[in-house]
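With mmCIF, C-alpha atoms inside, this is target27.cif:
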data_data
loop_
_atom_site.label_atom_id
_atom_site.label_comp_id
_atom_site.auth_asym_id
_atom_site.auth_seq_id
_atom_site.Cartn_x
_atom_site.Cartn_y
_atom_site.Cartn_z
CA MET X 1 -3.45 -23.58 -31.78
CA ALA X 2 -4.06 -21.47 -28.78
CA LEU X 3 -2.81 -18.13 -27.64
CA ASN X 4 -2.04 -17.61 -23.98
CA PHE X 5 -3.82 -14.38 -23.11
CA GLU X 6 -3.59 -12.45 -19.85
CA LEU X 7 -5.43 -9.28 -18.93
CA VAL X 8 -4.09 -7.62 -15.79
CA THR X 9 -5.14 -4.48 -13.95
CA PRO X 10 -3.57 -3.02 -10.80
CA ALA X 11 -6.48 -4.36 -8.79
CA SER X 12 -6.52 -7.92 -10.07
CA LEU X 13 -5.71 -10.52 -12.69
CA VAL X 14 -8.87 -10.22 -14.78
CA LEU X 15 -8.34 -12.96 -17.32
CA SER X 16 -5.80 -15.68 -17.90
CA GLU X 17 -6.76 -18.27 -20.47
CA GLU X 18 -6.10 -19.90 -23.81
CA VAL X 19 -7.89 -18.18 -26.65
CA TYR X 20 -7.83 -18.26 -30.44
CA MET X 21 -7.22 -14.60 -31.21
CA VAL X 22 -7.26 -11.22 -29.50
CA VAL X 23 -7.73 -7.88 -31.23
CA VAL X 24 -6.08 -5.09 -29.24
CA PRO X 25 -6.77 -1.36 -29.76
CA GLY X 26 -3.21 -0.05 -30.14
CA THR X 27 -2.43 3.66 -30.14
CA GLU X 28 -1.45 3.47 -33.79
CA GLY X 29 -4.23 1.16 -34.85
CA GLU X 30 -5.87 -2.09 -33.90
CA PHE X 31 -3.90 -5.27 -34.21
CA GLY X 32 -4.86 -8.90 -33.96
CA VAL X 33 -2.67 -11.40 -32.17
CA LEU X 34 -2.69 -15.09 -33.01
CA GLU X 35 -0.45 -17.82 -31.67
CA GLY X 36 3.17 -17.46 -32.74
CA HIS X 37 3.03 -13.68 -33.23
CA ALA X 38 6.41 -11.96 -33.41
CA PRO X 39 7.57 -10.18 -30.21
CA PHE X 40 5.80 -6.85 -30.16
CA MET X 41 4.98 -4.10 -27.75
CA SER X 42 2.53 -1.25 -27.99
CA THR X 43 0.69 1.24 -25.87
CA ILE X 44 -3.08 0.98 -26.10
CA ARG X 45 -5.79 3.57 -26.35
CA ASP X 46 -9.17 3.47 -24.63
CA GLY X 47 -11.34 0.95 -26.38
CA ALA X 48 -12.51 -2.63 -26.49
CA VAL X 49 -10.23 -5.65 -26.46
CA GLN X 50 -11.94 -8.29 -28.60
CA VAL X 51 -11.36 -11.83 -27.46
CA TYR X 52 -12.12 -14.60 -29.97
CA ARG X 53 -12.29 -17.84 -28.03
CA THR X 54 -12.74 -19.96 -31.16
CA ALA X 55 -12.00 -19.42 -34.84
CA GLY X 56 -14.96 -17.72 -36.46
CA GLY X 57 -16.83 -17.34 -33.18
CA ALA X 58 -18.32 -14.11 -31.91
CA PRO X 59 -15.84 -12.00 -29.90
CA ASP X 60 -16.19 -11.00 -26.26
CA ASN X 61 -15.59 -7.30 -25.89
CA ILE X 62 -13.76 -6.02 -22.82
CA GLU X 63 -13.55 -2.25 -22.41
CA VAL X 64 -10.13 -1.12 -21.17
CA ARG X 65 -8.63 2.24 -20.28
CA GLY X 66 -4.98 3.05 -20.87
CA GLY X 67 -2.08 0.67 -20.66
CA PHE X 68 0.23 -1.62 -22.61
CA ALA X 69 0.12 -4.76 -24.64
CA GLU X 70 3.12 -7.04 -24.80
CA VAL X 71 3.53 -10.02 -27.08
CA SER X 72 6.31 -12.46 -26.26
CA GLU X 73 6.97 -16.16 -26.79
CA ALA X 74 4.84 -16.80 -23.73
CA GLY X 75 1.77 -15.13 -25.19
CA LEU X 76 -0.06 -11.83 -25.01
CA THR X 77 -0.19 -9.75 -21.86
CA VAL X 78 -2.39 -6.66 -21.67
CA LEU X 79 -1.59 -4.36 -18.75
CA ALA X 80 -4.61 -2.09 -18.51
CA GLU X 81 -5.07 0.68 -16.01
CA GLN X 82 -8.76 -0.02 -15.69
CA VAL X 83 -11.28 -2.53 -16.99
CA ILE X 84 -14.87 -1.39 -17.36
CA ALA X 85 -17.18 -4.26 -16.66
CA MET P 1 -8.23 2.05 50.16
CA ALA P 2 -10.82 2.90 47.57
CA SER P 3 -14.43 2.64 48.62
CA LEU P 4 -16.70 -0.09 47.28
CA LYS P 5 -18.56 2.33 45.07
CA GLU P 6 -15.36 3.64 43.52
CA LEU P 7 -14.12 0.12 42.81
CA LYS P 8 -17.43 -0.81 41.20
CA GLY P 9 -17.16 2.24 38.98
CA ARG P 10 -13.63 1.39 37.90
CA ILE P 11 -14.57 -2.21 37.09
CA ASN P 12 -17.42 -1.00 34.93
CA SER P 13 -15.27 1.50 33.06
CA VAL P 14 -12.57 -1.10 32.34
CA LYS P 15 -15.28 -3.49 31.17
CA SER P 16 -16.62 -1.00 28.65
CA THR P 17 -13.09 -0.28 27.43
CA GLN P 18 -12.62 -3.99 26.92
CA LYS P 19 -15.80 -4.15 24.88
CA ILE P 20 -14.48 -1.43 22.60
CA THR P 21 -11.06 -3.02 22.11
CA LYS P 22 -12.66 -6.40 21.45
CA ALA P 23 -15.00 -4.95 18.83
CA LYS P 24 -12.10 -3.13 17.17
CA GLN P 25 -10.08 -6.33 17.15
CA MET P 26 -12.82 -8.26 15.40
CA VAL P 27 -13.38 -5.49 12.86
CA ALA P 28 -9.65 -5.42 12.14
CA ALA P 29 -9.52 -9.19 11.71
CA ALA P 30 -12.34 -9.07 9.17
CA LYS P 31 -10.80 -6.13 7.31
CA LEU P 32 -7.36 -7.72 7.38
CA ARG P 33 -8.56 -10.64 5.32
CA ARG P 34 -9.93 -8.31 2.67
CA ALA P 35 -6.86 -6.07 2.67
CA GLN P 36 -4.56 -9.05 2.35
CA ALA P 37 -6.54 -10.39 -0.59
CA ALA P 38 -6.36 -6.98 -2.25
CA ALA P 39 -2.61 -6.78 -1.69
CA GLU P 40 -2.16 -10.21 -3.25
CA ALA P 41 -4.41 -9.40 -6.20
CA GLY P 42 -2.26 -6.37 -6.98
CA ARG P 43 0.96 -8.32 -7.27
CA PRO P 44 0.66 -9.80 -10.80
CA TYR P 45 0.38 -6.31 -12.34
CA ALA P 46 3.42 -5.07 -10.44
CA THR P 47 5.61 -8.05 -11.38
CA ARG P 48 4.63 -7.91 -15.06
CA LEU P 49 5.15 -4.17 -15.24
CA ALA P 50 8.57 -4.59 -13.65
CA ALA P 51 9.44 -7.24 -16.24
CA VAL P 52 8.40 -4.97 -19.11
CA MET P 53 10.39 -2.13 -17.52
CA ALA P 54 13.48 -4.29 -17.26
CA SER P 55 13.37 -5.32 -20.90
CA LEU P 56 12.81 -1.73 -22.04
CA ALA P 57 15.24 0.06 -19.77
CA GLY P 58 18.06 -2.11 -21.09
CA LYS P 59 17.39 -0.85 -24.60
CA VAL P 60 16.95 2.84 -23.91
CA SER P 61 19.98 4.37 -22.27
CA GLY P 62 22.32 7.27 -22.53
CA ASP P 63 21.01 10.67 -23.57
CA ALA P 64 17.78 9.32 -24.95
CA ALA P 65 16.61 8.10 -21.56
CA PRO P 66 13.74 10.12 -20.08
CA ARG P 67 14.47 12.21 -17.02
CA LEU P 68 12.36 10.03 -14.78
CA LEU P 69 14.82 7.22 -15.43
CA ALA P 70 18.07 9.16 -15.73
CA GLY P 71 17.41 11.71 -12.98
CA THR P 72 18.18 15.41 -13.01
CA GLY P 73 21.89 14.83 -12.64
CA GLY P 74 21.80 16.44 -9.21
CA ASN P 75 21.75 14.67 -5.88
CA GLN P 76 21.21 17.57 -3.54
CA ARG P 77 17.50 17.89 -2.79
CA HIS P 78 15.80 14.79 -1.47
CA LEU P 79 12.09 14.25 -1.03
CA LEU P 80 10.87 11.66 1.43
CA VAL P 81 7.40 10.34 0.64
CA VAL P 82 6.19 8.94 3.96
CA VAL P 83 3.12 6.73 3.93
CA ASN P 84 1.33 6.62 7.29
CA THR P 85 -2.11 5.44 8.27
CA ASP P 86 -5.06 7.77 8.81
CA LYS P 87 -6.35 6.15 11.97
CA GLY P 88 -4.66 5.23 15.20
CA LEU P 89 -5.26 2.24 17.47
CA CYS P 90 -2.72 0.21 15.56
CA GLY P 91 0.09 -0.19 18.06
CA GLY P 92 3.59 0.90 17.13
CA LEU P 93 3.06 0.91 13.37
CA ASN P 94 2.99 4.65 12.85
CA SER P 95 5.76 5.42 15.30
CA ASN P 96 7.94 2.83 13.55
CA ILE P 97 7.31 4.47 10.18
CA VAL P 98 8.06 7.90 11.62
CA LYS P 99 11.23 6.56 13.22
CA GLU P 100 12.41 5.17 9.89
CA ALA P 101 11.63 8.49 8.17
CA ARG P 102 13.46 10.41 10.87
CA ASN P 103 16.54 8.17 10.58
CA GLN P 104 16.61 8.57 6.80
CA ALA P 105 16.22 12.32 7.08
CA ARG P 106 19.00 12.58 9.68
CA MET P 107 21.30 10.44 7.53
CA LEU P 108 20.68 12.60 4.45
CA GLN P 109 21.11 15.78 6.43
CA ALA P 110 24.37 14.48 7.87
CA ASP P 111 25.57 14.09 4.27
CA GLY P 112 24.72 17.73 3.69
CA LYS P 113 21.59 17.15 1.60
CA ASP P 114 18.38 19.13 1.74
CA VAL P 115 15.46 17.06 2.93
CA GLU P 116 11.77 17.67 2.40
CA PHE P 117 8.76 15.57 3.25
CA TYR P 118 5.66 14.64 1.32
CA LEU P 119 3.21 13.01 3.72
CA VAL P 120 0.50 10.55 2.83
CA GLY P 121 -1.90 9.76 5.65
CA LYS P 122 -2.64 11.76 8.76
CA LYS P 123 -0.71 10.07 11.51
CA GLY P 124 2.80 11.02 10.49
CA ARG P 125 2.12 14.72 10.31
CA ALA P 126 2.31 15.73 13.97
CA PRO P 127 5.48 13.86 15.02
CA LEU P 128 7.41 14.78 11.87
CA LYS P 129 6.32 18.39 12.08
CA ARG P 130 7.71 18.51 15.61
CA ASP P 131 11.14 17.30 14.48
CA PHE P 132 11.41 18.99 11.09
CA PRO P 133 9.15 22.04 11.29
CA ALA P 134 10.57 23.64 8.15
CA SER P 135 10.74 20.57 5.94
CA ILE P 136 7.11 19.54 5.66
CA LYS P 137 6.08 20.70 2.24
CA ASP P 138 3.11 18.85 0.89
CA GLY P 139 0.89 15.95 1.57
CA TYR P 140 -2.00 13.94 0.33
CA ASP P 141 -5.05 13.29 2.46
CA THR P 142 -6.30 9.74 2.06
CA SER P 143 -8.78 9.96 4.92
CA LEU P 144 -11.58 11.24 2.68
CA VAL P 145 -12.13 7.89 0.96
CA ARG P 146 -12.84 4.64 2.72
CA THR P 147 -10.38 2.41 0.92
CA PRO P 148 -7.74 4.27 -1.06
CA GLY P 149 -7.43 2.69 -4.50
CA PHE P 150 -5.65 3.21 -7.76
CA ALA P 151 -7.26 6.60 -8.35
CA GLU P 152 -5.63 7.97 -5.19
CA ALA P 153 -2.27 6.39 -6.05
CA ALA P 154 -2.50 7.96 -9.50
CA ALA P 155 -3.27 11.38 -8.02
CA ILE P 156 -0.26 11.17 -5.70
CA ALA P 157 2.01 9.99 -8.52
CA ASP P 158 0.86 12.78 -10.83
CA GLU P 159 1.60 15.36 -8.18
CA LEU P 160 5.05 13.90 -7.51
CA VAL P 161 5.92 13.76 -11.20
CA ALA P 162 4.72 17.36 -11.64
CA MET P 163 6.91 18.43 -8.69
CA PHE P 164 9.85 16.54 -10.21
CA GLU P 165 9.35 18.17 -13.58
CA ALA P 166 9.12 21.57 -11.94
CA GLY P 167 12.54 20.87 -10.46
CA ARG P 168 11.47 20.84 -6.84
CA PHE P 169 13.64 17.84 -5.94
CA ASP P 170 16.31 15.56 -7.39
CA VAL P 171 15.64 12.26 -5.68
CA ALA P 172 12.48 10.89 -4.07
CA HIS P 173 12.34 8.02 -1.62
CA LEU P 174 9.23 6.13 -0.61
CA ILE P 175 8.93 5.10 3.04
CA ALA P 176 6.06 2.70 3.60
CA PRO P 177 5.27 -0.31 5.74
CA VAL P 178 5.60 -3.77 4.24
CA PHE P 179 3.13 -6.30 5.53
CA LYS P 180 4.81 -9.55 6.55
CA SER P 181 2.30 -10.94 9.04
CA ALA P 182 -0.20 -9.69 11.59
CA LEU P 183 2.71 -9.39 14.01
CA VAL P 184 5.40 -7.96 11.76
CA GLN P 185 5.11 -4.88 9.56
CA ASP P 186 8.44 -3.28 8.82
CA PRO P 187 8.82 0.16 7.31
CA VAL P 188 10.99 0.02 4.20
CA THR P 189 12.68 2.80 2.23
CA ARG P 190 12.81 2.52 -1.54
CA GLN P 191 13.96 4.93 -4.20
CA LEU P 192 10.99 6.18 -6.19
CA ILE P 193 12.34 8.87 -8.53
CA PRO P 194 14.49 8.56 -10.55
CA VAL P 195 13.18 5.07 -11.15
CA PRO P 196 15.97 2.69 -10.16
CA ALA P 197 17.20 0.81 -13.20
CA PRO P 198 15.86 -2.70 -12.80
CA ALA P 199 18.32 -5.55 -12.89
CA VAL P 200 18.41 -6.54 -16.53
CA THR P 201 17.23 -10.07 -16.97
CA GLN P 202 19.06 -11.81 -19.77
CA ALA P 203 18.44 -9.81 -22.88
CA SER P 204 16.35 -11.95 -25.17
CA ASP P 205 17.62 -12.32 -28.70
CA ALA P 206 14.19 -11.91 -30.18
CA VAL P 207 13.81 -8.61 -31.96
CA VAL P 208 10.87 -6.84 -30.37
CA GLU P 209 8.96 -4.34 -32.40
CA TYR P 210 7.74 -1.24 -30.65
CA GLU P 211 4.79 0.90 -31.52
CA PRO P 212 5.32 3.85 -30.99
CA ASP P 213 9.11 3.70 -30.45
CA GLU P 214 10.97 2.71 -27.28
CA GLU P 215 11.37 6.20 -25.86
CA GLN P 216 7.71 7.05 -26.16
CA ILE P 217 6.63 3.79 -24.59
CA LEU P 218 9.11 4.31 -21.76
CA ASP P 219 7.83 7.86 -21.33
CA GLU P 220 4.38 6.48 -20.70
CA LEU P 221 5.53 3.51 -18.74
CA LEU P 222 7.58 5.34 -16.11
CA PRO P 223 4.74 7.40 -14.59
CA ARG P 224 2.65 4.26 -14.61
CA TYR P 225 5.40 2.40 -12.81
CA ILE P 226 5.50 5.08 -10.11
CA LYS P 227 1.72 4.87 -9.79
CA THR P 228 1.96 1.13 -9.34
CA GLN P 229 4.62 1.55 -6.67
CA LEU P 230 2.41 3.96 -4.76
CA PHE P 231 -0.64 1.78 -5.23
CA GLY P 232 1.32 -1.14 -3.83
CA ALA P 233 2.37 1.01 -0.88
CA LEU P 234 -1.25 1.97 -0.19
CA LEU P 235 -2.34 -1.66 -0.30
CA GLU P 236 0.49 -2.70 2.01
CA ARG P 237 -0.36 0.14 4.34
CA GLU P 238 -3.96 -1.00 4.52
CA ALA P 239 -2.99 -4.58 5.32
CA SER P 240 -0.34 -3.43 7.81
CA GLU P 241 -2.77 -1.13 9.57
CA GLN P 242 -5.35 -3.85 10.04
CA GLY P 243 -2.74 -6.41 11.06
CA ALA P 244 -1.13 -4.11 13.60
CA SER P 245 -4.52 -3.01 14.86
CA MET P 246 -5.63 -6.59 15.35
CA THR P 247 -2.52 -7.47 17.37
CA ALA P 248 -2.62 -4.30 19.45
CA MET P 249 -6.31 -4.68 20.23
CA ASP P 250 -5.84 -8.33 21.15
CA ASN P 251 -3.21 -7.27 23.68
CA ALA P 252 -5.41 -4.48 24.98
CA THR P 253 -8.35 -6.84 25.44
CA ARG P 254 -6.18 -9.26 27.38
CA ASN P 255 -4.79 -6.49 29.58
CA ALA P 256 -8.28 -5.24 30.32
CA GLY P 257 -9.26 -8.79 31.32
CA ASP P 258 -6.35 -8.99 33.77
CA LEU P 259 -7.21 -5.63 35.22
CA ILE P 260 -10.86 -6.57 35.70
CA GLN P 261 -9.82 -9.76 37.50
CA LYS P 262 -7.52 -7.86 39.84
CA LEU P 263 -10.12 -5.20 40.57
CA THR P 264 -12.83 -7.81 41.19
CA ILE P 265 -10.66 -9.58 43.77
CA GLN P 266 -9.97 -6.26 45.46
CA TYR P 267 -13.68 -5.44 45.38
CA ASN P 268 -14.66 -8.77 46.94
CA ARG P 269 -12.02 -8.48 49.65
CA SER P 270 -13.15 -5.05 50.73
CA ARG P 271 -16.79 -6.16 50.65
CA GLN P 272 -15.99 -9.07 52.96
CA ALA P 273 -13.95 -6.80 55.21
CA ALA P 274 -16.90 -4.44 55.47
CA ILE P 275 -19.28 -7.29 56.38
CA THR P 276 -16.86 -8.63 58.98
CA THR P 277 -16.54 -5.21 60.57
CA GLU P 278 -20.32 -4.88 60.73
CA LEU P 279 -20.69 -8.32 62.32
CA ILE P 280 -18.04 -7.55 64.93
CA GLU P 281 -19.87 -4.35 65.78
CA ILE P 282 -23.19 -6.16 66.21
CA ILE P 283 -21.70 -8.97 68.30
CA ALA P 284 -19.78 -6.53 70.47
CA GLY P 285 -23.00 -4.56 70.98
CA ALA P 286 -24.97 -7.70 71.91
CA GLU P 287 -22.32 -8.82 74.39
CA ALA P 288 -22.30 -5.44 76.08
CA LEU P 289 -25.99 -5.78 77.06
#
Please render this file's structure as structure tokens.
Amino acid sequence: MALNFELVTPASLVLSEEVYMVVVPGTEGEFGVLEGHAPFMSTIRDGAVQVYRTAGGAPDNIEVRGGFAEVSEAGLTVLAEQVIA
Amino acid sequence: MASLKELKGRINSVKSTQKITKAKQMVAAAKLRRAQAAAEAGRPYATRLAAVMASLAGKVSGDAAPRLLAGTGGNQRHLLVVVNTDKGLCGGLNSNIVKEARNQARMLQADGKDVEFYLVGKKGRAPLKRDFPASIKDGYDTSLVRTPGFAEAAAIADELVAMFEAGRFDVAHLIAPVFKSALVQDPVTRQLIPVPAPAVTQASDAVVEYEPDEEQILDELLPRYIKTQLFGALLEREASEQGASMTAMDNATRNAGDLIQKLTIQYNRSRQAAITTELIEIIAGAEAL
């Protein structure tokens, strides 16, 4: 019951861990990704990626600027141009 | 034979040169570690982006493909993007890059193509301008910032894409050093625009949904891919510069040491010779009485 989530910027691999759910700000609307999500790809707009480490827990918000999100069998990969700490 | 005073002066000047080269070597060694770490940290993004590119490029082809992928259809005007360092004191690195650029340009010209240069970094400007005075068009100055980062790479990429869209060239090549070790940094030429179609990894059967559609994603992805390529080149350049500088300064320090040793021996010999001459004069004088 865990989603493999990776957040990568050109400067570094920011995050790589198992999480419960991630809500990504897609260009055409936010979408949540759980384990076993169908293959999907979207560009993202500037906004916060919400990382839920546990079911029902409070999310960690990570501000990102521009990039892509890709969901495959291996998990979710967010390629962001910039991460604002 | 140089006088004692002259020799002393030379020894001192070589010693201060050695101090400078030694300091530069240590600075380069410290910076190299950081530059190497940065170059390694940038790799995951590049590999993942390439993977996404490969899966997308296989799906979008034919007339629908954006121009950055398909090209202008022409193959006449070539742009060479040459990435040099801003500072010297790094051995043969810059002259190797310039040599590679010159060879590429000569080869293209021999095929009857038009060649233009886009120069990044200061050190390539003078030698390339000497050989191809009419071909130097534009450049990007990276010497204003201390460590060029993604913002600079993005600025360069935007300018290149704008030039491509304005129809200023058909094909762009990137010539940049690739850091292998502190001893080896080879300049490598890669095609930048149109983006070379990546080798398609086995097309997965899973139906991928795209939002917005494939073409629009690819439209956004291609400029980003070029940015990443340039960013990678800047990181490699940084690591190469420090590596080459460290090696060159190590050699220079050793040479200075040898020179000091030789000069010291010469200095001591002539000092002894002078003393001996004085003694002989005194003894001869005493005997004459």
Expected answer as an MDAnalysis selection string: chain X residues within 10 Å of chain P, all atoms listed in the file = chainID X and resid 7:14 26:29 38:44 66:73 77:82
With distances taken over only C-alpha atoms, the candidate from X:Glu6, X:Val83, X:Asp46, X:Gly32 nearest X:Ile62 is X:Val83
If you count all atoms listed in the file, which residues fall within 12 Å of X:Gly57, apart from same-chain ones fewer than 6 positions away, as a CSV table (one decimal) with C-alpha atoms, in the coordinates of the input?
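Ended up saving to part_31.csv:
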chain,number,residue,atom,x,y,z
X,19,VAL,CA,-7.9,-18.2,-26.6
X,20,TYR,CA,-7.8,-18.3,-30.4
X,21,MET,CA,-7.2,-14.6,-31.2
X,22,VAL,CA,-7.3,-11.2,-29.5
X,50,GLN,CA,-11.9,-8.3,-28.6
X,51,VAL,CA,-11.4,-11.8,-27.5
Atom CA of P:Gln272 and atom CA of P:Ile11, how far apart in Å?
->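 Result for atom CA of P:Ile11 versus atom CA of P:Gln272: 17.3 Å, one decimal.
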Residues picked by the PyMOL selection byres ((chain P and resi 67-76) around 12) here, as an NGL selection string?
-> :P and (53-54 or 56-58 or 60-66 or 77-79 or 108-109 or 111-116 or 160-172 or 191-198 or 215 or 218-226)
Would you save the residues from that selection as a compact mmCIF listing (two decimals), in the frame of the given file, using C-alpha atoms?
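Result file is again19.txt:
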# COMPACT_ATOMS: atom_id res chain seq x y z
CA MET P 53 10.39 -2.13 -17.52
CA ALA P 54 13.48 -4.29 -17.26
CA LEU P 56 12.81 -1.73 -22.04
CA ALA P 57 15.24 0.06 -19.77
CA GLY P 58 18.06 -2.11 -21.09
CA VAL P 60 16.95 2.84 -23.91
CA SER P 61 19.98 4.37 -22.27
CA GLY P 62 22.32 7.27 -22.53
CA ASP P 63 21.01 10.67 -23.57
CA ALA P 64 17.78 9.32 -24.95
CA ALA P 65 16.61 8.10 -21.56
CA PRO P 66 13.74 10.12 -20.08
CA ARG P 77 17.50 17.89 -2.79
CA HIS P 78 15.80 14.79 -1.47
CA LEU P 79 12.09 14.25 -1.03
CA LEU P 108 20.68 12.60 4.45
CA GLN P 109 21.11 15.78 6.43
CA ASP P 111 25.57 14.09 4.27
CA GLY P 112 24.72 17.73 3.69
CA LYS P 113 21.59 17.15 1.60
CA ASP P 114 18.38 19.13 1.74
CA VAL P 115 15.46 17.06 2.93
CA GLU P 116 11.77 17.67 2.40
CA LEU P 160 5.05 13.90 -7.51
CA VAL P 161 5.92 13.76 -11.20
CA ALA P 162 4.72 17.36 -11.64
CA MET P 163 6.91 18.43 -8.69
CA PHE P 164 9.85 16.54 -10.21
CA GLU P 165 9.35 18.17 -13.58
CA ALA P 166 9.12 21.57 -11.94
CA GLY P 167 12.54 20.87 -10.46
CA ARG P 168 11.47 20.84 -6.84
CA PHE P 169 13.64 17.84 -5.94
CA ASP P 170 16.31 15.56 -7.39
CA VAL P 171 15.64 12.26 -5.68
CA ALA P 172 12.48 10.89 -4.07
CA GLN P 191 13.96 4.93 -4.20
CA LEU P 192 10.99 6.18 -6.19
CA ILE P 193 12.34 8.87 -8.53
CA PRO P 194 14.49 8.56 -10.55
CA VAL P 195 13.18 5.07 -11.15
CA PRO P 196 15.97 2.69 -10.16
CA ALA P 197 17.20 0.81 -13.20
CA PRO P 198 15.86 -2.70 -12.80
CA GLU P 215 11.37 6.20 -25.86
CA LEU P 218 9.11 4.31 -21.76
CA ASP P 219 7.83 7.86 -21.33
CA GLU P 220 4.38 6.48 -20.70
CA LEU P 221 5.53 3.51 -18.74
CA LEU P 222 7.58 5.34 -16.11
CA PRO P 223 4.74 7.40 -14.59
CA ARG P 224 2.65 4.26 -14.61
CA TYR P 225 5.40 2.40 -12.81
CA ILE P 226 5.50 5.08 -10.11
May I ask for the distance between atom CA of P:Leu230 and atom CA of P:Val82, given in Å to one decimal place?
->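 Interatomic distance, atom CA of P:Leu230 to atom CA of P:Val82: 10.7 Å.
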Expressed in Å to a single decimal, how great is the separation between atom CA of P:Thr85 and atom CA of P:Gln229?
-> 16.8 Å
Write out as a VMD selection string each polymer residue whose atoms come within 10 Å of stretch 13-28 of chain P, counting only C-alpha atoms; drop sequence neighbours fewer than 2 positions from it.
-> chain P and resid 7 to 11 30 to 35 89 to 90 239 241 to 257 259 to 260 263
Tell me, as a list of chain:residue names, which residues lie within 8 Å of P:Asn84, counting all atoms listed in the file; anything in the same chain fewer than 2 positions away does not count.
->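 The neighbour list is P:Val82, P:Asp86, P:Asn94, P:Ile97, P:Leu119, P:Val120, P:Gly121, P:Lys122, P:Lys123, P:Gly124, P:Ala176, P:Arg237.
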The PyMOL selection byres ((chain X and resi 18) around 10) applied to the shown file, residues as a list of chain:residue names = X:Met1, X:Ala2, X:Leu3, X:Asn4, X:Phe5, X:Glu6, X:Leu15, X:Ser16, X:Glu17, X:Val19, X:Tyr20, X:Met21, X:Glu35, X:Arg53, X:Thr54, X:Gly75
